[in-house]
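Enquirer: This structure is in structure tokens; I'll ask about it shortly.
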Number of protein chains: 2
Amino acid sequence: MKKLLFTPGPLSTSRTVKEAMLEDMGSRDHAFVNAVKETRNELLKLAHVSQAEGYECVIVQGSGTFGVESVISSVVGKKDVLLILVNGAYGERIVKMASIHQLNHLVLRFDEDEIVTPGATADFLKDHPEITQVACIHSETTTGLFNPITEIGAVCKKHQKVFIVDAMSSFGGVSMDMKEMSIDFLVSSSNKCIEGVPGFAFAICKKTELEKAKGQARSLSLDLYEQWRGLETNGQFRFTPPTLSLMAFHQALKELEEEGGIEAREKRYQANKKNLDDGMAALGFKQYLRPEIQGHIITSFLYPTDRNFNFEEFYQKLNSRGFIIYPGKLSKADAFRIGNIGQIFPEDVINLVKAVKEVLEEEKIVEIA
Amino acid sequence: MKKLLFTPGPLSTSRTVKEAMLEDMGSRDHAFVNAVKETRNELLKLAHVSQAEGYECVIVQGSGTFGVESVISSVVGKKDVLLILVNGAYGERIVKMASIHQLNHLVLRFDEDEIVTPGATADFLKDHPEITQVACIHSETTTGLFNPITEIGAVCKKHQKVFIVDAMSSFGGVSMDMKEMSIDFLVSSSNKCIEGVPGFAFAICKKTELEKAKGQARSLSLDLYEQWRGLETNGQFRFTPPTLSLMAFHQALKELEEEGGIEAREKRYQANKKNLDDGMAALGFKQYLRPEIQGHIITSFLYPTDRNFNFEEFYQKLNSRGFIIYPGKLSKADAFRIGNIGQIFPEDVINLVKAVKEVLEEEKIVEIA
């Protein structure tokens, strides 16, 4: 049975994206090198920048976290001070990286159910003029909220700080202009809103800042600068790339364009989200976040209060109906998550909600909130 | 046109291996978690060890180099001293890792066209009792030689050193018994002789030594111990795995068994190698290495001496006939490389040699050596 993934990724992808992996590719062969070049250029375009404007795209093997660690551990120099803005598990992950690499860093924490505020960020930057870089998560997958990146970027620009954005689960599903948002490094991965399969991360980098990372990396594999130099020198990767994941992504980029670009995809995801909100509300489910700060990527729903509710059973029964949902990751409340990105459409969400209703009835779960 | 890859990897893989990537998989879903569990167990079996005997398999996202760096940067503690045995580019790569991570390390270098000798290794270990770990490449892809791992392992065992082997391009294509070879950490990757697609590396580890790596890693993503703990805790990866590469590999392991296991595959590769040796010799090509130290994975052929020879043209003309070969990487001689691993069979090698003959004629290359 074909299963639909209502998760934050790996996602459901189109048949044609997966079929792009049916041909073996030599990692140093021209056909592959050309596909990588096109991919890097297309990613710049999607971020509304270009090489001519001084931006570069670097692809890093591994998961999204590998990409974030590559940026953090290459860009922050020995004498630099990184400010990490945290309101969820993915912000905390950057704190962990900074600790492991013994980077000078400061952390400004917000509650998990609150956004990072530009005001508090500005105050903190005024109090700590030693800060050189600021890192923030755009779509915090922990809860599903969107941090106000444009406003935080404006604060960074005003205070002349390098701005690093983990746009893992948002890029491709939310219109983002790197210049308008004052972003110097934007990181995302192959298996998110571009709707490719997992295998690599990518960073879109302001070239003048990327060049400063030369010789600063704390590892060989995650050296952002050398990875870029390798790709620029001969179009090849320093180390074996996930060739077929890259071919799938190359196809996914074509399909994104056919859909009408990021703008059209964002509308589809918003339509998915509306059906999810309406359907789950009709069943009585309460969301963890207040709607003003909730993004249109993934939603945290509080567990039903009914004592008959058991998440593992709920998950399995939805799974056996072809719907894969996601466990929660909140520190303060029991919740599960439903993503609405990937090759899923408004009618798929309606079918998911129907399946949720069936399972509630079967499990005799009456009290929802 | 279907192209055959005569490279050290990514390789030609079977249609069915690639078709295993046609279904989306949730990275935390049971079907996927089970496939990962089976894969890890099967890899232990292929190395002739088991969990019951105190061995563990850890999968690391990224290329083979990511796997080697994960082991090197996690296993060598602050007060440890690593000896790196070097006779090619992949040994030098470990030296680079040791430098970047500021590990205490010593390097014993051999000529590129000579094997690492157990005798010199033993002498060096006697002179440097402070050494705690020894790292060596099994099949040096730079040239194609096989280092005598069993004998070097015996030396390490006698001197009670931890033995780390980069068996990237040999594991799966050469029978290896980790216990007999006294190997504590063996690293290989998904796109080599198991005949999967690129996306991850794996390390087979002696558990008592792996446990010592706790808290020692120099990065978050490449923390070998925590990666293992993550997989052991709930069968899931800490960070998004290359789900579809793993499903392809799971299928590749089945097909390896169907072929008759590593022993049968080794025979096929040896038959490929014999056809390559015979065919290229008949055309007049000279190999870089003397036959006693040459492995059956990849071969370095010296450039024809004829002034009409141009590697780029030679490569392109073979490519247009459906055969992808590999450039050389020697420091002392001009050579190209031909691999004979992956889904290629003795008759494919005969066809490759025929194509080489055609191209030589077309390019009027007469003097070969």
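So you can find residues: chains in the structure tokens are A, B, ... in the order shown, residues in each start at 1, and ligands are numbered from 1 in order.
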Write out as an mmCIF file with N, CA, C and O atoms, in the first residue's frame each polymer residue whose atoms come within 7 Å of segment 20-22 of chain A, counting only C-alpha atoms; drop sequence neighbours fewer than 5 positions from it.
Expert:
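selection-v8.cif, freshly written:
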```
data_model
loop_
_atom_site.group_PDB
_atom_site.id
_atom_site.type_symbol
_atom_site.label_atom_id
_atom_site.label_comp_id
_atom_site.auth_asym_id
_atom_site.auth_seq_id
_atom_site.Cartn_x
_atom_site.Cartn_y
_atom_site.Cartn_z
ATOM 1 N N LEU A 244 22.608 9.727 -6.744
ATOM 2 C CA LEU A 244 21.216 9.537 -7.167
ATOM 3 C C LEU A 244 20.263 10.459 -6.415
ATOM 4 O O LEU A 244 19.277 10.935 -6.987
ATOM 5 N N MET A 247 20.371 13.494 -8.410
ATOM 6 C CA MET A 247 19.583 13.414 -9.645
ATOM 7 C C MET A 247 18.091 13.551 -9.337
ATOM 8 O O MET A 247 17.340 14.177 -10.097
ATOM 9 N N ALA A 248 17.663 12.972 -8.220
ATOM 10 C CA ALA A 248 16.259 13.112 -7.803
ATOM 11 C C ALA A 248 15.944 14.584 -7.519
ATOM 12 O O ALA A 248 14.891 15.100 -7.906
ATOM 13 N N GLN A 251 15.543 16.659 -10.624
ATOM 14 C CA GLN A 251 14.198 16.466 -11.164
ATOM 15 C C GLN A 251 13.164 17.222 -10.311
ATOM 16 O O GLN A 251 12.245 17.844 -10.841
ATOM 17 N N LYS B 18 18.238 -0.300 -7.564
ATOM 18 C CA LYS B 18 17.746 1.075 -7.742
ATOM 19 C C LYS B 18 16.219 1.138 -7.572
ATOM 20 O O LYS B 18 15.689 2.094 -7.033
ATOM 21 N N GLU B 19 15.537 0.096 -8.019
ATOM 22 C CA GLU B 19 14.075 0.090 -7.887
ATOM 23 C C GLU B 19 13.608 0.037 -6.429
ATOM 24 O O GLU B 19 12.473 0.401 -6.131
#
```
Enquirer: Can you list every residue of segment 21-111 of chain B that has an atom at most 10 Å from segment 217-221 of chain A, with its nearest atom pair and the distance in Å to one decimal, using only C-alpha atoms, ordered by chain then number, as JSON lines?
Expert:
```
{"residue": "B:Gly62", "atom": "CA", "partner": "A:Ser221", "partner_atom": "CA", "distance": 8.8}
{"residue": "B:Ser63", "atom": "CA", "partner": "A:Ser221", "partner_atom": "CA", "distance": 8.8}
{"residue": "B:Gly64", "atom": "CA", "partner": "A:Ser221", "partner_atom": "CA", "distance": 10.0}
{"residue": "B:Thr65", "atom": "CA", "partner": "A:Ser221", "partner_atom": "CA", "distance": 7.0}
{"residue": "B:Phe66", "atom": "CA", "partner": "A:Ser221", "partner_atom": "CA", "distance": 5.8}
{"residue": "B:Gly67", "atom": "CA", "partner": "A:Ser221", "partner_atom": "CA", "distance": 9.5}
{"residue": "B:Val68", "atom": "CA", "partner": "A:Ser221", "partner_atom": "CA", "distance": 9.7}
{"residue": "B:Glu69", "atom": "CA", "partner": "A:Ser221", "partner_atom": "CA", "distance": 7.3}
{"residue": "B:Ser70", "atom": "CA", "partner": "A:Ser221", "partner_atom": "CA", "distance": 9.4}
{"residue": "B:Ser73", "atom": "CA", "partner": "A:Ser219", "partner_atom": "CA", "distance": 8.8}
{"residue": "B:Arg93", "atom": "CA", "partner": "A:Leu220", "partner_atom": "CA", "distance": 8.9}
{"residue": "B:Ile94", "atom": "CA", "partner": "A:Leu220", "partner_atom": "CA", "distance": 9.6}
{"residue": "B:Lys96", "atom": "CA", "partner": "A:Leu220", "partner_atom": "CA", "distance": 7.6}
{"residue": "B:Met97", "atom": "CA", "partner": "A:Leu220", "partner_atom": "CA", "distance": 6.0}
{"residue": "B:Ala98", "atom": "CA", "partner": "A:Ser219", "partner_atom": "CA", "distance": 9.4}
{"residue": "B:Ser99", "atom": "CA", "partner": "A:Ser219", "partner_atom": "CA", "distance": 9.5}
{"residue": "B:Ile100", "atom": "CA", "partner": "A:Ser219", "partner_atom": "CA", "distance": 6.0}
{"residue": "B:His101", "atom": "CA", "partner": "A:Ser219", "partner_atom": "CA", "distance": 6.6}
{"residue": "B:Gln102", "atom": "CA", "partner": "A:Arg218", "partner_atom": "CA", "distance": 9.6}
```
Enquirer: Kindly export the residues of the current selection with all heavy atoms, as a short mmCIF file (atom, residue, chain, number, x, y, z; two decimals), in the first residue's frame.
Expert:
```cif
data_model
loop_
_atom_site.label_atom_id
_atom_site.label_comp_id
_atom_site.auth_asym_id
_atom_site.auth_seq_id
_atom_site.Cartn_x
_atom_site.Cartn_y
_atom_site.Cartn_z
N GLY B 62 26.51 10.37 4.80
CA GLY B 62 27.58 11.05 4.05
C GLY B 62 28.38 10.06 3.23
O GLY B 62 27.94 8.94 2.98
N SER B 63 29.57 10.46 2.82
CA SER B 63 30.42 9.59 2.00
C SER B 63 31.29 8.71 2.90
O SER B 63 31.26 8.83 4.13
CB SER B 63 31.32 10.45 1.12
OG SER B 63 32.38 10.98 1.89
N GLY B 64 32.09 7.85 2.27
CA GLY B 64 33.02 7.02 3.02
C GLY B 64 33.95 7.83 3.90
O GLY B 64 34.24 7.45 5.04
N THR B 65 34.42 8.97 3.39
CA THR B 65 35.31 9.84 4.16
C THR B 65 34.66 10.29 5.46
O THR B 65 35.31 10.40 6.50
CB THR B 65 35.72 11.06 3.30
OG1 THR B 65 36.47 10.56 2.18
CG2 THR B 65 36.56 12.05 4.07
N PHE B 66 33.35 10.55 5.41
CA PHE B 66 32.63 10.93 6.63
C PHE B 66 32.72 9.80 7.66
O PHE B 66 32.86 10.05 8.86
CB PHE B 66 31.16 11.23 6.32
CG PHE B 66 30.91 12.54 5.61
CD1 PHE B 66 31.50 12.82 4.39
CD2 PHE B 66 30.06 13.49 6.16
CE1 PHE B 66 31.25 14.02 3.73
CE2 PHE B 66 29.81 14.70 5.53
CZ PHE B 66 30.40 14.97 4.30
N GLY B 67 32.64 8.55 7.18
CA GLY B 67 32.73 7.40 8.08
C GLY B 67 34.12 7.27 8.69
O GLY B 67 34.26 7.04 9.89
N VAL B 68 35.14 7.45 7.86
CA VAL B 68 36.52 7.36 8.36
C VAL B 68 36.76 8.49 9.37
O VAL B 68 37.30 8.27 10.46
CB VAL B 68 37.54 7.45 7.20
CG1 VAL B 68 38.96 7.50 7.75
CG2 VAL B 68 37.38 6.26 6.26
N GLU B 69 36.31 9.70 9.02
CA GLU B 69 36.52 10.82 9.95
C GLU B 69 35.74 10.61 11.24
O GLU B 69 36.22 10.97 12.32
CB GLU B 69 36.14 12.16 9.30
CG GLU B 69 36.50 13.33 10.20
CD GLU B 69 36.47 14.68 9.49
OE1 GLU B 69 35.91 14.77 8.38
OE2 GLU B 69 37.01 15.66 10.06
N SER B 70 34.56 10.02 11.15
CA SER B 70 33.79 9.74 12.35
C SER B 70 34.58 8.82 13.28
O SER B 70 34.67 9.07 14.50
CB SER B 70 32.45 9.11 11.95
OG SER B 70 31.75 8.68 13.09
N SER B 73 38.04 10.66 14.48
CA SER B 73 37.84 11.80 15.39
C SER B 73 37.04 11.43 16.64
O SER B 73 36.88 12.25 17.54
CB SER B 73 37.18 12.96 14.65
OG SER B 73 35.87 12.61 14.24
N ARG B 93 44.85 11.22 3.48
CA ARG B 93 43.60 11.86 3.91
C ARG B 93 43.40 11.69 5.42
O ARG B 93 42.92 12.59 6.10
CB ARG B 93 42.42 11.29 3.12
CG ARG B 93 41.15 12.08 3.28
CD ARG B 93 40.03 11.59 2.39
NE ARG B 93 40.20 11.99 1.00
CZ ARG B 93 39.37 11.64 0.02
NH1 ARG B 93 38.30 10.90 0.28
NH2 ARG B 93 39.58 12.05 -1.21
N ILE B 94 43.78 10.53 5.93
CA ILE B 94 43.67 10.31 7.39
C ILE B 94 44.65 11.22 8.13
O ILE B 94 44.34 11.75 9.20
CB ILE B 94 43.87 8.82 7.74
CG1 ILE B 94 42.77 7.98 7.08
CG2 ILE B 94 43.87 8.62 9.27
CD1 ILE B 94 42.85 6.48 7.37
N LYS B 96 45.50 14.15 7.18
CA LYS B 96 44.85 15.45 7.16
C LYS B 96 43.79 15.56 8.27
O LYS B 96 43.71 16.57 8.97
CB LYS B 96 44.19 15.62 5.78
CG LYS B 96 44.08 17.05 5.33
CD LYS B 96 43.72 17.11 3.85
CE LYS B 96 43.57 18.55 3.40
NZ LYS B 96 43.23 18.65 1.97
N MET B 97 43.01 14.50 8.41
CA MET B 97 42.00 14.50 9.48
C MET B 97 42.66 14.64 10.84
O MET B 97 42.20 15.42 11.68
CB MET B 97 41.23 13.16 9.48
CG MET B 97 40.31 12.96 8.31
SD MET B 97 39.66 11.25 8.35
CE MET B 97 38.89 11.21 6.72
N ALA B 98 43.73 13.88 11.06
CA ALA B 98 44.43 13.91 12.35
C ALA B 98 44.96 15.32 12.63
O ALA B 98 44.89 15.80 13.76
CB ALA B 98 45.55 12.89 12.37
N SER B 99 45.45 15.99 11.58
CA SER B 99 45.96 17.36 11.76
C SER B 99 44.82 18.31 12.12
O SER B 99 44.93 19.09 13.05
CB SER B 99 46.63 17.85 10.48
OG SER B 99 47.63 16.96 10.09
N ILE B 100 43.74 18.23 11.36
CA ILE B 100 42.62 19.14 11.60
C ILE B 100 42.08 18.98 13.02
O ILE B 100 41.77 19.95 13.69
CB ILE B 100 41.51 18.93 10.55
CG1 ILE B 100 42.00 19.39 9.17
CG2 ILE B 100 40.22 19.67 10.95
CD1 ILE B 100 41.05 19.08 8.03
N HIS B 101 41.99 17.73 13.46
CA HIS B 101 41.44 17.49 14.81
C HIS B 101 42.51 17.58 15.89
O HIS B 101 42.23 17.31 17.05
CB HIS B 101 40.75 16.12 14.85
CG HIS B 101 39.50 16.09 14.02
ND1 HIS B 101 38.36 16.77 14.37
CD2 HIS B 101 39.23 15.49 12.83
CE1 HIS B 101 37.43 16.58 13.44
NE2 HIS B 101 37.93 15.82 12.50
N GLN B 102 43.72 17.96 15.48
CA GLN B 102 44.84 18.14 16.41
C GLN B 102 45.05 16.90 17.28
O GLN B 102 45.26 16.99 18.49
CB GLN B 102 44.61 19.39 17.27
CG GLN B 102 44.50 20.63 16.38
CD GLN B 102 44.22 21.89 17.18
OE1 GLN B 102 43.18 22.02 17.82
NE2 GLN B 102 45.14 22.82 17.15
#
```
Enquirer: For Arg40 of chain B, please output as a ChimeraX atom specification all residues within 12 Å (counting only C-alpha atoms; exclusion window: fewer than 4 positions along the same chain).
Expert: /B:33-36,44-47,49-51,55-60,201-205,228,231-232,235,246,249-250,253
Enquirer: From segment 206-337 of chain B, collect each residue whose DSSP state is strand (DSSP E or B) and return the set as a ChimeraX atom specification.
Expert: /B:206,287,294,298-302,323-324,326-327,335-337
Enquirer: Based on the selection just made, write C-alpha atoms of those residues as a short mmCIF file (atom, residue, chain, number, x, y, z; two decimals), in the first residue's frame.
Expert:
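Written out: part.cif:
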```cif
data_model
loop_
_atom_site.label_atom_id
_atom_site.label_comp_id
_atom_site.auth_asym_id
_atom_site.auth_seq_id
_atom_site.Cartn_x
_atom_site.Cartn_y
_atom_site.Cartn_z
CA LYS B 206 34.68 -3.78 18.57
CA GLN B 287 50.31 -1.57 -15.26
CA GLN B 294 48.03 -5.48 -7.12
CA ILE B 298 41.00 -1.28 -9.45
CA THR B 299 44.06 -1.09 -11.71
CA SER B 300 46.31 1.83 -12.68
CA PHE B 301 47.43 1.70 -16.33
CA LEU B 302 50.27 3.91 -17.50
CA PHE B 323 32.12 2.84 -20.74
CA ILE B 324 33.09 5.23 -17.96
CA TYR B 326 38.51 6.85 -14.08
CA PRO B 327 41.37 9.36 -14.10
CA ALA B 335 48.05 6.86 -15.46
CA PHE B 336 44.34 6.19 -15.74
CA ARG B 337 42.39 3.73 -13.65
#
```
Enquirer: With distances taken over only C-alpha atoms, which of A:Leu108, A:Met168, A:Val197, A:Val76 is nearest to chain B?
Expert: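 Of the candidates, the smallest distance to chain B is held by A:Val197.
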Enquirer: Could you pull out all residues of segment 93-167 of chain B with a DSSP call of alpha helix (DSSP H) and give them as a ChimeraX atom specification?
Expert: /B:93-100,118-127,149-158
Enquirer: Residues near Ser14 of chain A, anyone? I mean within 9 Å using only C-alpha atoms, not counting same-chain ones fewer than 4 positions away, as a VMD selection string.
Expert: chain A and resid 18 to 19 195 to 196 252 255 342 to 343
Enquirer: Write the residues of the selection above to a file with N, CA, C and O atoms, as a PDB file, in the first residue's frame.
Expert:
```pdb
ATOM      1  N   LYS A  18      11.534  10.037  -7.886  1.00  0.00           N
ATOM      2  CA  LYS A  18      12.218   8.789  -7.499  1.00  0.00           C
ATOM      3  C   LYS A  18      12.760   8.062  -8.736  1.00  0.00           C
ATOM      4  O   LYS A  18      13.834   7.468  -8.692  1.00  0.00           O
ATOM      5  N   GLU A  19      12.028   8.127  -9.829  1.00  0.00           N
ATOM      6  CA  GLU A  19      12.487   7.453 -11.055  1.00  0.00           C
ATOM      7  C   GLU A  19      13.773   8.069 -11.623  1.00  0.00           C
ATOM      8  O   GLU A  19      14.486   7.415 -12.385  1.00  0.00           O
ATOM      9  N   GLU A 195      11.087  18.914  -2.146  1.00  0.00           N
ATOM     10  CA  GLU A 195      10.461  17.604  -2.400  1.00  0.00           C
ATOM     11  C   GLU A 195      11.383  16.630  -3.124  1.00  0.00           C
ATOM     12  O   GLU A 195      10.976  15.895  -4.024  1.00  0.00           O
ATOM     13  N   GLY A 196      12.651  16.615  -2.699  1.00  0.00           N
ATOM     14  CA  GLY A 196      13.587  15.583  -3.129  1.00  0.00           C
ATOM     15  C   GLY A 196      13.686  14.509  -2.059  1.00  0.00           C
ATOM     16  O   GLY A 196      12.923  14.505  -1.085  1.00  0.00           O
ATOM     17  N   ALA A 252      13.346  17.186  -8.999  1.00  0.00           N
ATOM     18  CA  ALA A 252      12.403  17.873  -8.094  1.00  0.00           C
ATOM     19  C   ALA A 252      12.379  19.376  -8.368  1.00  0.00           C
ATOM     20  O   ALA A 252      11.320  20.010  -8.294  1.00  0.00           O
ATOM     21  N   GLU A 255      10.210  20.017 -11.290  1.00  0.00           N
ATOM     22  CA  GLU A 255       8.795  19.873 -10.943  1.00  0.00           C
ATOM     23  C   GLU A 255       8.292  21.038 -10.092  1.00  0.00           C
ATOM     24  O   GLU A 255       7.124  21.413 -10.167  1.00  0.00           O
ATOM     25  N   GLY A 342       5.425  18.260   1.116  1.00  0.00           N
ATOM     26  CA  GLY A 342       5.710  17.103   0.260  1.00  0.00           C
ATOM     27  C   GLY A 342       4.605  16.922  -0.766  1.00  0.00           C
ATOM     28  O   GLY A 342       3.733  17.786  -0.918  1.00  0.00           O
ATOM     29  N   GLN A 343       4.628  15.794  -1.467  1.00  0.00           N
ATOM     30  CA  GLN A 343       3.624  15.532  -2.507  1.00  0.00           C
ATOM     31  C   GLN A 343       2.315  15.098  -1.869  1.00  0.00           C
ATOM     32  O   GLN A 343       1.846  13.969  -2.060  1.00  0.00           O
TER      33      GLN A 343
END
```
Enquirer: Go ahead and compute the interatomic distance for atom CA of Gly144 of chain B and atom CA of Glu363 of chain B, in Å to one decimal.
Expert: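 Computed distance, atom CA of Gly144 of chain B to atom CA of Glu363 of chain B, equals 27.2 Å.
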Enquirer: Residues near Gly215 of chain A, anyone? I mean within 9 Å using only C-alpha atoms, not counting same-chain ones fewer than 2 positions away, as an NGL selection string.
Expert: :A and (74 or 212-213 or 217-218 or 223 or 225-226)
Enquirer: Counting only C-alpha atoms, which residue out of A:Glu151, A:Asp334, A:Glu258, A:Asp184 sits closest to Gln133 of chain A?
Expert: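 Selected residue with least distance to Gln133 of chain A: A:Asp184.
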